[in-house]
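Data file: structure_14.cif. Format and content: mmCIF, C-alpha atoms and all ligand atoms.
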data_model
#
loop_
_atom_site.label_atom_id
_atom_site.label_comp_id
_atom_site.auth_asym_id
_atom_site.auth_seq_id
_atom_site.Cartn_x
_atom_site.Cartn_y
_atom_site.Cartn_z
CA MET A 511 0.00 0.00 0.00
CA PRO A 512 1.36 3.49 -0.82
CA GLY A 513 2.25 5.73 2.15
CA GLY A 514 -0.29 8.00 3.79
CA THR A 515 1.18 11.18 2.30
CA ASP A 516 1.00 9.76 -1.24
CA ILE A 517 -2.62 8.71 -0.73
CA LEU A 518 -3.52 12.08 0.77
CA ASN A 519 -1.92 13.90 -2.18
CA ALA A 520 -3.76 11.65 -4.64
CA LEU A 521 -7.00 12.32 -2.76
CA LYS A 522 -6.44 16.09 -2.90
CA LYS A 523 -5.80 15.84 -6.65
CA GLU A 524 -9.06 13.95 -7.21
CA MET A 525 -11.22 16.44 -5.31
CA ASP A 526 -13.40 18.27 -7.83
CA LYS A 527 -16.44 19.12 -5.67
CA PRO A 528 -17.65 18.73 -2.06
CA TYR A 529 -18.08 15.14 -0.92
CA THR A 530 -19.77 13.70 2.17
CA PHE A 531 -19.17 10.10 3.16
CA MET A 532 -20.61 8.22 6.10
CA HIS A 533 -18.87 5.55 8.11
CA ILE A 534 -20.89 3.25 10.35
CA CYS A 535 -18.32 2.30 12.92
CA GLY A 536 -17.28 3.80 16.25
CA THR A 537 -13.77 2.46 15.75
CA HIS A 538 -13.50 4.42 12.49
CA GLU A 539 -14.57 7.59 14.29
CA ALA A 540 -12.02 6.97 17.05
CA ALA A 541 -9.26 6.21 14.51
CA ILE A 542 -10.06 9.38 12.51
CA ALA A 543 -10.00 11.52 15.66
CA HIS A 544 -6.98 9.84 17.22
CA SER A 545 -4.87 10.26 14.07
CA GLY A 546 -6.03 13.85 13.46
CA LEU A 547 -7.18 12.92 9.95
CA ARG A 548 -10.01 15.48 9.84
CA SER A 549 -7.53 18.33 10.22
CA ILE A 550 -5.52 17.30 7.13
CA LEU A 551 -8.36 16.24 4.82
CA PRO A 552 -9.43 18.60 2.02
CA ASP A 553 -11.91 21.18 3.39
CA ASN A 554 -14.66 20.03 1.05
CA LEU A 555 -14.46 16.38 2.14
CA LYS A 556 -16.71 15.64 5.08
CA ILE A 557 -16.91 12.38 7.02
CA VAL A 558 -20.00 11.83 9.15
CA MET A 559 -20.64 9.03 11.60
CA GLY A 560 -23.80 6.99 11.26
CA PRO A 561 -25.34 4.45 13.63
CA GLY A 562 -22.07 2.60 14.21
CA CYS A 563 -21.83 2.60 17.98
CA PRO A 564 -23.76 -0.37 19.42
CA VAL A 565 -24.18 1.23 22.84
CA CYS A 566 -25.41 4.52 21.33
CA ILE A 567 -28.05 2.90 19.13
CA THR A 568 -29.52 0.87 22.02
CA PRO A 569 -32.82 2.67 22.68
CA GLN A 570 -34.03 3.77 26.09
CA GLY A 571 -36.65 1.01 26.14
CA GLU A 572 -33.90 -1.63 26.20
CA ILE A 573 -32.03 0.18 28.99
CA ASP A 574 -35.32 0.27 30.93
CA ALA A 575 -35.76 -3.47 30.30
CA ALA A 576 -32.27 -4.13 31.71
CA ILE A 577 -33.19 -2.07 34.78
CA ASP A 578 -36.45 -4.04 35.14
CA LEU A 579 -34.37 -7.22 35.19
CA ALA A 580 -32.05 -5.77 37.86
CA GLU A 581 -35.12 -4.88 39.92
CA LYS A 582 -36.18 -8.52 39.73
CA ASP A 583 -32.93 -9.20 41.62
CA CYS A 584 -31.11 -10.67 38.65
CA ILE A 585 -27.37 -10.01 38.60
CA ILE A 586 -26.84 -7.86 35.53
CA ALA A 587 -23.59 -8.36 33.63
CA THR A 588 -22.71 -5.99 30.84
CA TYR A 589 -20.06 -3.85 29.17
CA GLY A 590 -18.86 -0.81 31.14
CA ASP A 591 -20.15 1.73 28.61
CA LEU A 592 -23.73 0.52 28.85
CA MET A 593 -23.79 1.01 32.64
CA ARG A 594 -23.91 4.80 32.32
CA VAL A 595 -26.46 5.12 29.50
CA PRO A 596 -29.57 6.76 30.93
CA GLY A 597 -32.96 5.05 30.69
CA THR A 598 -36.16 6.68 31.94
CA LYS A 599 -35.46 5.47 35.51
CA GLY A 600 -31.75 6.29 35.59
CA ALA A 601 -28.73 4.32 34.45
CA LEU A 602 -27.72 0.80 35.43
CA ASP A 603 -24.85 2.15 37.55
CA SER A 604 -27.11 4.36 39.67
CA ILE A 605 -29.98 2.07 40.70
CA GLY A 606 -28.27 0.40 43.67
CA LYS A 607 -28.66 -3.10 42.24
CA ASP A 608 -26.13 -5.84 41.53
CA VAL A 609 -24.78 -4.71 38.15
CA ARG A 610 -21.35 -5.96 37.13
CA VAL A 611 -19.02 -4.91 34.34
CA VAL A 612 -17.73 -7.81 32.27
CA GLN A 613 -15.44 -7.95 29.26
CA GLY A 614 -17.61 -10.40 27.40
CA VAL A 615 -20.30 -13.03 27.57
CA HIS A 616 -17.89 -15.72 28.84
CA LYS A 617 -17.28 -13.66 31.99
CA ALA A 618 -21.02 -13.39 32.58
CA VAL A 619 -21.27 -17.18 32.33
CA GLU A 620 -18.44 -17.51 34.88
CA ILE A 621 -20.49 -15.40 37.32
CA ALA A 622 -23.51 -17.68 36.75
CA GLU A 623 -21.39 -20.77 37.41
CA LYS A 624 -20.47 -19.45 40.86
CA THR A 625 -23.94 -18.46 42.09
CA ASP A 626 -27.50 -19.75 42.35
CA GLN A 627 -28.84 -16.29 41.56
CA GLU A 628 -30.11 -15.49 38.07
CA VAL A 629 -27.50 -13.78 35.88
CA VAL A 630 -28.52 -11.77 32.79
CA PHE A 631 -25.99 -10.64 30.21
CA ILE A 632 -27.08 -7.47 28.38
CA SER A 633 -25.96 -8.53 24.95
CA VAL A 634 -25.30 -5.54 22.67
CA GLY A 635 -23.29 -5.41 19.46
CA PHE A 636 -23.38 -5.92 15.73
CA GLU A 637 -22.45 -8.95 13.63
CA THR A 638 -19.01 -8.78 15.24
CA THR A 639 -20.16 -9.88 18.70
CA ALA A 640 -23.33 -11.90 18.06
CA PRO A 641 -21.47 -15.05 16.87
CA THR A 642 -19.46 -15.17 20.12
CA VAL A 643 -22.68 -14.99 22.13
CA ALA A 644 -24.16 -17.71 19.90
CA ALA A 645 -21.11 -19.93 20.51
CA THR A 646 -21.61 -19.49 24.26
CA ILE A 647 -25.30 -20.43 24.08
CA LEU A 648 -24.41 -23.52 22.02
CA GLN A 649 -22.14 -24.63 24.87
CA GLU A 650 -25.22 -24.81 27.14
CA PRO A 651 -24.36 -22.41 29.95
CA PRO A 652 -25.98 -22.95 33.40
CA GLU A 653 -29.77 -22.65 33.74
CA ASN A 654 -29.49 -19.49 35.84
CA PHE A 655 -27.87 -17.69 32.86
CA SER A 656 -29.78 -15.77 30.20
CA ILE A 657 -29.30 -12.84 27.84
CA LEU A 658 -31.25 -9.72 26.93
CA SER A 659 -30.56 -9.66 23.21
CA CYS A 660 -29.99 -6.09 22.00
CA HIS A 661 -28.03 -7.09 18.87
CA ARG A 662 -28.35 -5.22 15.60
CA PHE A 663 -27.46 -5.78 11.94
CA VAL A 664 -25.80 -2.93 10.02
CA PRO A 665 -27.25 -3.39 6.46
CA PRO A 666 -30.94 -2.80 7.38
CA ALA A 667 -29.99 0.53 9.00
CA MET A 668 -28.09 1.51 5.85
CA LYS A 669 -31.12 0.57 3.79
CA TYR A 670 -33.26 2.82 5.98
CA LEU A 671 -30.81 5.73 5.67
CA LEU A 672 -30.71 5.40 1.88
CA GLU A 673 -34.49 5.13 1.55
CA GLN A 674 -35.06 8.20 3.74
CA GLY A 675 -32.36 10.25 2.02
CA GLU A 676 -32.27 12.58 5.04
CA ALA A 677 -28.46 12.69 5.10
CA LYS A 678 -27.04 13.80 1.75
CA LEU A 679 -24.32 11.23 1.23
CA ASP A 680 -22.00 10.41 -1.66
CA GLY A 681 -21.11 6.99 -0.32
CA PHE A 682 -20.23 4.80 2.65
CA LEU A 683 -17.00 3.69 4.26
CA LEU A 684 -18.10 0.23 5.35
CA PRO A 685 -17.24 -1.10 8.82
CA GLY A 686 -14.12 -3.27 8.59
CA HIS A 687 -14.71 -5.20 11.81
CA VAL A 688 -18.28 -6.09 10.89
CA CYS A 689 -17.18 -7.15 7.39
CA VAL A 690 -14.45 -9.41 8.80
CA VAL A 691 -17.29 -11.55 10.17
CA ALA A 692 -20.19 -10.87 7.80
CA GLY A 693 -18.31 -10.21 4.56
CA TYR A 694 -19.65 -7.56 2.21
CA GLN A 695 -21.99 -9.41 -0.18
CA GLU A 696 -24.98 -8.06 1.72
CA TYR A 697 -23.99 -4.49 0.83
CA GLU A 698 -23.99 -5.16 -2.91
CA GLN A 699 -27.77 -4.54 -2.95
CA PHE A 700 -27.20 -0.82 -2.33
CA PRO A 701 -26.81 1.36 -5.45
CA VAL A 702 -24.27 3.70 -3.91
CA PRO A 703 -20.45 3.85 -3.78
CA GLN A 704 -19.11 1.79 -0.86
CA VAL A 705 -15.62 0.84 0.25
CA VAL A 706 -14.72 -1.49 3.12
CA GLY A 707 -12.26 0.40 5.30
CA GLY A 708 -9.55 -0.68 7.73
CA PHE A 709 -8.50 1.30 10.77
CA GLU A 710 -4.99 2.62 10.18
CA PRO A 711 -4.92 6.22 8.88
CA GLU A 712 -3.61 4.93 5.53
CA ASP A 713 -6.53 2.46 5.31
CA ILE A 714 -9.05 5.22 5.89
CA LEU A 715 -7.39 7.58 3.42
CA LEU A 716 -7.30 4.82 0.79
CA GLY A 717 -10.98 4.10 1.41
CA LEU A 718 -11.82 7.78 0.92
CA LEU A 719 -9.72 7.97 -2.24
CA MET A 720 -11.48 4.91 -3.67
CA LEU A 721 -14.86 6.42 -2.80
CA VAL A 722 -14.09 9.73 -4.53
CA LYS A 723 -12.91 7.82 -7.61
CA GLN A 724 -16.10 5.74 -7.70
CA VAL A 725 -18.26 8.86 -7.56
CA LYS A 726 -16.23 10.60 -10.28
CA GLU A 727 -16.35 7.55 -12.52
CA GLY A 728 -20.09 7.09 -11.99
CA ARG A 729 -19.67 3.67 -10.39
CA ALA A 730 -21.67 2.33 -7.45
CA GLU A 731 -19.89 -0.79 -6.25
CA VAL A 732 -18.57 -2.38 -3.11
CA GLU A 733 -14.76 -2.25 -3.13
CA ASN A 734 -12.44 -3.59 -0.48
CA ALA A 735 -9.67 -1.37 0.90
CA TYR A 736 -9.06 -3.80 3.76
CA PRO A 737 -8.27 -7.07 1.96
CA ARG A 738 -5.74 -8.21 4.57
CA ALA A 739 -8.67 -8.82 6.96
CA VAL A 740 -11.88 -8.83 4.94
CA SER A 741 -13.16 -11.13 2.20
CA ARG A 742 -16.43 -10.94 0.30
CA GLU A 743 -17.72 -14.02 2.16
CA GLY A 744 -16.48 -13.02 5.62
CA ASN A 745 -16.44 -15.81 8.17
CA PRO A 746 -19.24 -18.23 7.13
CA LYS A 747 -18.63 -20.46 10.16
CA ALA A 748 -19.25 -17.57 12.56
CA MET A 749 -22.33 -16.44 10.63
CA HIS A 750 -23.67 -20.00 10.52
CA MET A 751 -23.29 -20.26 14.30
CA MET A 752 -25.07 -16.92 14.72
CA TYR A 753 -28.04 -18.08 12.61
CA GLU A 754 -28.12 -21.40 14.44
CA VAL A 755 -28.99 -19.57 17.66
CA PHE A 756 -30.55 -16.27 16.58
CA GLU A 757 -33.15 -15.20 14.03
CA PRO A 758 -33.74 -11.71 12.60
CA CYS A 759 -36.47 -9.56 14.14
CA ASP A 760 -37.89 -6.07 13.74
CA VAL A 761 -36.45 -3.63 16.28
CA GLU A 762 -36.20 0.06 17.01
CA TRP A 763 -32.80 1.78 17.06
CA ARG A 764 -32.13 4.98 18.96
CA GLY A 765 -32.83 7.75 16.46
CA PHE A 766 -34.61 5.36 14.11
CA PRO A 767 -38.07 3.83 14.03
CA ILE A 768 -38.56 0.05 14.00
CA ILE A 769 -36.36 -1.27 11.19
CA PRO A 770 -37.49 -4.62 9.72
CA ASN A 771 -35.12 -7.54 10.30
CA SER A 772 -32.48 -5.34 11.91
CA GLY A 773 -32.28 -7.14 15.25
CA LEU A 774 -31.55 -10.63 16.50
CA ARG A 775 -33.70 -12.63 18.91
CA LEU A 776 -33.00 -16.09 20.28
CA LYS A 777 -34.74 -18.89 18.41
CA GLU A 778 -37.53 -20.75 20.26
CA LYS A 779 -35.16 -23.69 20.76
CA TYR A 780 -33.01 -21.46 22.98
CA ALA A 781 -35.90 -19.68 24.75
CA ALA A 782 -34.60 -20.86 28.13
CA TYR A 783 -31.74 -18.38 27.69
CA ASP A 784 -34.01 -15.51 26.63
CA ALA A 785 -34.29 -13.15 29.61
CA GLN A 786 -37.29 -11.38 28.10
CA LYS A 787 -39.29 -14.61 28.01
CA LYS A 788 -37.88 -16.01 31.24
CA PHE A 789 -38.84 -12.94 33.30
CA GLY A 790 -41.78 -11.60 31.24
CA ILE A 791 -40.00 -8.35 30.38
CA GLU A 792 -41.44 -6.06 27.75
CA ILE A 793 -39.34 -3.63 25.73
CA LYS A 794 -41.36 -0.43 25.32
CA HIS A 795 -40.95 2.51 23.00
CA VAL A 796 -39.89 5.65 24.88
CA GLU A 797 -40.61 9.10 23.46
CA LYS A 798 -37.61 11.43 23.38
CA HIS A 799 -37.90 14.38 25.78
CA SER A 800 -34.42 15.86 26.32
CA SER A 801 -32.55 18.36 24.15
CA CYS A 802 -29.95 15.67 23.37
CA ILE A 803 -29.62 15.29 19.59
CA CYS A 804 -27.97 11.85 19.63
CA ASP A 805 -30.77 10.73 17.30
CA LYS A 806 -29.64 13.21 14.63
CA VAL A 807 -25.94 12.47 15.21
CA LEU A 808 -26.67 8.76 14.70
CA ARG A 809 -28.49 9.48 11.42
CA GLY A 810 -25.56 11.58 10.18
CA VAL A 811 -27.59 14.80 9.93
CA ALA A 812 -25.91 16.63 12.83
CA ASP A 813 -22.42 16.88 14.25
CA PRO A 814 -21.84 16.56 18.00
CA THR A 815 -20.92 20.26 18.13
CA ASP A 816 -24.38 21.15 16.74
CA CYS A 817 -25.80 20.08 20.11
CA LYS A 818 -26.25 23.03 22.45
CA LEU A 819 -25.39 20.79 25.42
CA PHE A 820 -22.06 19.65 23.94
CA GLY A 821 -19.13 20.42 26.24
CA LYS A 822 -21.30 22.52 28.56
CA VAL A 823 -24.04 20.48 30.22
CA CYS A 824 -22.93 17.26 28.52
CA THR A 825 -19.32 16.16 28.99
CA PRO A 826 -17.57 12.76 29.20
CA ARG A 827 -17.64 13.13 33.01
CA LYS A 828 -21.33 14.05 33.11
CA PRO A 829 -22.86 12.60 29.94
CA VAL A 830 -26.45 13.41 29.02
CA GLY A 831 -26.82 11.06 26.05
CA PRO A 832 -25.29 7.73 25.02
CA CYS A 833 -23.06 9.29 22.35
CA MET A 834 -21.17 11.01 25.19
CA VAL A 835 -21.08 7.84 27.30
CA SER A 836 -19.61 5.27 24.96
CA HIS A 837 -15.96 5.27 23.96
CA GLU A 838 -17.33 4.60 20.43
CA GLY A 839 -19.80 7.48 20.63
CA ALA A 840 -19.22 10.46 18.34
CA CYS A 841 -19.83 13.06 21.08
CA LYS A 842 -17.33 11.53 23.48
CA ILE A 843 -14.73 11.12 20.76
CA TRP A 844 -15.22 14.72 19.57
CA ALA A 845 -15.00 15.99 23.16
CA LEU A 846 -11.85 14.03 23.96
CA TYR A 847 -10.05 14.81 20.70
CA ASN A 848 -11.37 18.36 20.22
CA GLN A 849 -12.84 17.52 16.82
CA LYS A 850 -14.36 20.29 14.73
CA LYS A 851 -16.56 20.28 11.65
FE1 LIG B 901 -26.56 14.00 23.34
FE2 LIG B 901 -24.57 15.06 24.81
FE3 LIG B 901 -24.14 14.42 22.29
FE4 LIG B 901 -25.69 16.48 22.90
S1 LIG B 901 -23.50 16.32 23.29
S2 LIG B 901 -26.07 14.91 21.35
S3 LIG B 901 -26.64 15.74 24.78
S4 LIG B 901 -24.65 13.00 23.94
#

Would you kindly transcribe this structure into structure tokens?
Ligand code: SF4
Amino acid sequence: MPGGTDILNALKKEMDKPYTFMHICGTHEAAIAHSGLRSILPDNLKIVMGPGCPVCITPQGEIDAAIDLAEKDCIIATYGDLMRVPGTKGALDSIGKDVRVVQGVHKAVEIAEKTDQEVVFISVGFETTAPTVAATILQEPPENFSILSCHRFVPPAMKYLLEQGEAKLDGFLLPGHVCVVAGYQEYEQFPVPQVVGGFEPEDILLGLLMLVKQVKEGRAEVENAYPRAVSREGNPKAMHMMYEVFEPCDVEWRGFPIIPNSGLRLKEKYAAYDAQKKFGIEIKHVEKHSSCICDKVLRGVADPTDCKLFGKVCTPRKPVGPCMVSHEGACKIWALYNQKK
């Protein structure tokens, strides 16, 4: 691969008009901010973040459901970021219940193996994490273990964004981590320029260069700028395992209405591990009331700095919305790395 400076110069040469590309990956946002890429990109090239942070897109109704489970005296095991996301009754870390931070589903199972109490893992994440959870369920964890499945698929959200046309986009930098597992065949249905991107600054620059070239040449294809990790097919074994345990379902995303087939629920065969069924928990729609504009940030129609609470009322220490809580959230990343439009 050519060096970053060469790619940047080639990109600058190709720029003939303003371009806006969306990435759907918190790790891309963090890599862009961490490397200072925005400050060296051509002024008329804008990168916006879409719904690529799994914690941020988890709607309040699912946080409330996790709190309901904690109030039923289940031990709640989840990722650290999710603990601080506010639901309507507060956040998991402020309700005085037994809520434990774990690094992954296997750690939640370890807790269940050492207690008679019910343990519920709040299972968030895209195609990258769902196969690992599926593998755990296939190993038949103890009966006092279950999950609240909050998983999401990326392509249905992209479909929604394209159909709505709210964000004016010239193309997508596809999420490298997700494509390692799921491949990129699924994205070929979308008539828009797309490039699978890696996470080094050179990878991202190359992805952007390939996107600009596609637009200029009037092509709308899926190209791969991350071939050392991603293939068109992805990891069929992992995907097979995921579909063995889960099936697609219609779910709401924060900032989005219910998107058909964009979530994953446990199949009936594994209902014993489904916390919703086991404890009769309902996930309800919650109307938005605060001035937080995470919904717009997640749809790529606002930048974090467009929010009047950004850096004043809402900071990484005292977050108001999930995009300031999660280390993959655009607001937190912009606050920590002083990102500007
Ligand atoms: Fe929400 Fe805070 Fe981001 Fe504003 S700055 S959109 S309140 S998370």

task = List all protein, DNA and RNA residues that have an atom no more than 6 Å from any atom of ligand LIG 901 (chain B), counting all atoms listed in the file, and report them as a list in words.
result = Cys802, Ile803, Cys804, Pro814, Cys817, Leu819, Phe820, Cys824, Pro829, Val830, Gly831, Pro832, Cys833, Met834 and Cys841 of chain A

ask   = Which residues come within 8 Å of range 549-562 of chain A, counting all atoms listed in the file, excluding same-chain residues fewer than 5 positions away, as number ranges by chain?
value = A: 518, 522, 525, 527-536, 539, 567, 664, 667, 807-810, 813, 840

key: Nearest to Val609 in chain A, chosen from A:Ile647, A:Ala845, A:Met593, A:Ala622, with all atoms listed in the file counted in the distances   =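 Result for the nearest residue to Val609 in chain A: A:Met593.
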
ask   = So how many Å separate CA of Leu721 in chain A and CA of His687 in chain A, to one decimal?
value =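 CA of His687 in chain A lies at a distance of 18.7 Å from CA of Leu721 in chain A.
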
Shell around Ala748 in chain A at 9 Å using only C-alpha atoms, local window under 6 positions removed, as a ChimeraX atom specification = /A:640-642,644-645,691-692

inquiry  = Would you pick out the contacts of range 733-735 of chain A at 6 Å or less, using all atoms listed in the file, so that residues sharing its chain but fewer than 4 positions from it are not included, and give the list as a list in words?
reply    =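 Result of the neighbour search: Val705, Val706, Gly707 and Gly717 of chain A.
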
ask   = What is the CA of Gln849 in chain A to CA of Ser545 in chain A distance in Å?
value = 11.1 Å

request  = Measuring atom to atom with only C-alpha atoms, identify which of A:Leu672, A:Cys689, A:Ile843, A:Ala580 is nearest to Ala541 in chain A.
outcome  =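 Comparing A:Leu672, A:Cys689, A:Ile843, A:Ala580 against Ala541 in chain A, the winner is A:Ile843.
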
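Restricting the calculation to all atoms listed in the file, the smallest distance between Leu658 in chain A and any of A:Gly708, A:Gly546, A:Gly635, A:Pro737 is found for A:Gly635.
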
key: Within 10 Å of Pro651 in chain A using only C-alpha atoms, minus same-chain residues under 4 positions, as a PyMOL selection string   = chain A and resi 616+618-620+622-623+646-647+655-656+783

message = Quick check, in Å to one decimal: how far apart do CA of Glu838 in chain A and CA of His538 in chain A lie?
response =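 Separation of CA of Glu838 in chain A and CA of His538 in chain A: 8.8 Å.
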
request  = Could you give me, as a PyMOL selection string, the residues within 8 Å of Gly514 in chain A, counting only C-alpha atoms and dropping anything in the same chain fewer than 5 positions from it?
outcome  = chain A and resi 711-712+715

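Considering the residues A:Asn654, A:Ala782, A:Ala739, A:Ser801 and counting only C-alpha atoms, Lys624 in chain A has its shortest atom-to-atom contact with A:Asn654.
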
Box in all listed atoms of range 730-749 of chain A, axis-aligned, with 4 Å more on each side; write out centre and edge lengths in Å to one decimal as lines of an AutoDock Vina configuration file.
center_x = -14.0
center_y = -9.1
center_z = 2.6
size_x = 24.6
size_y = 30.8
size_z = 28.0
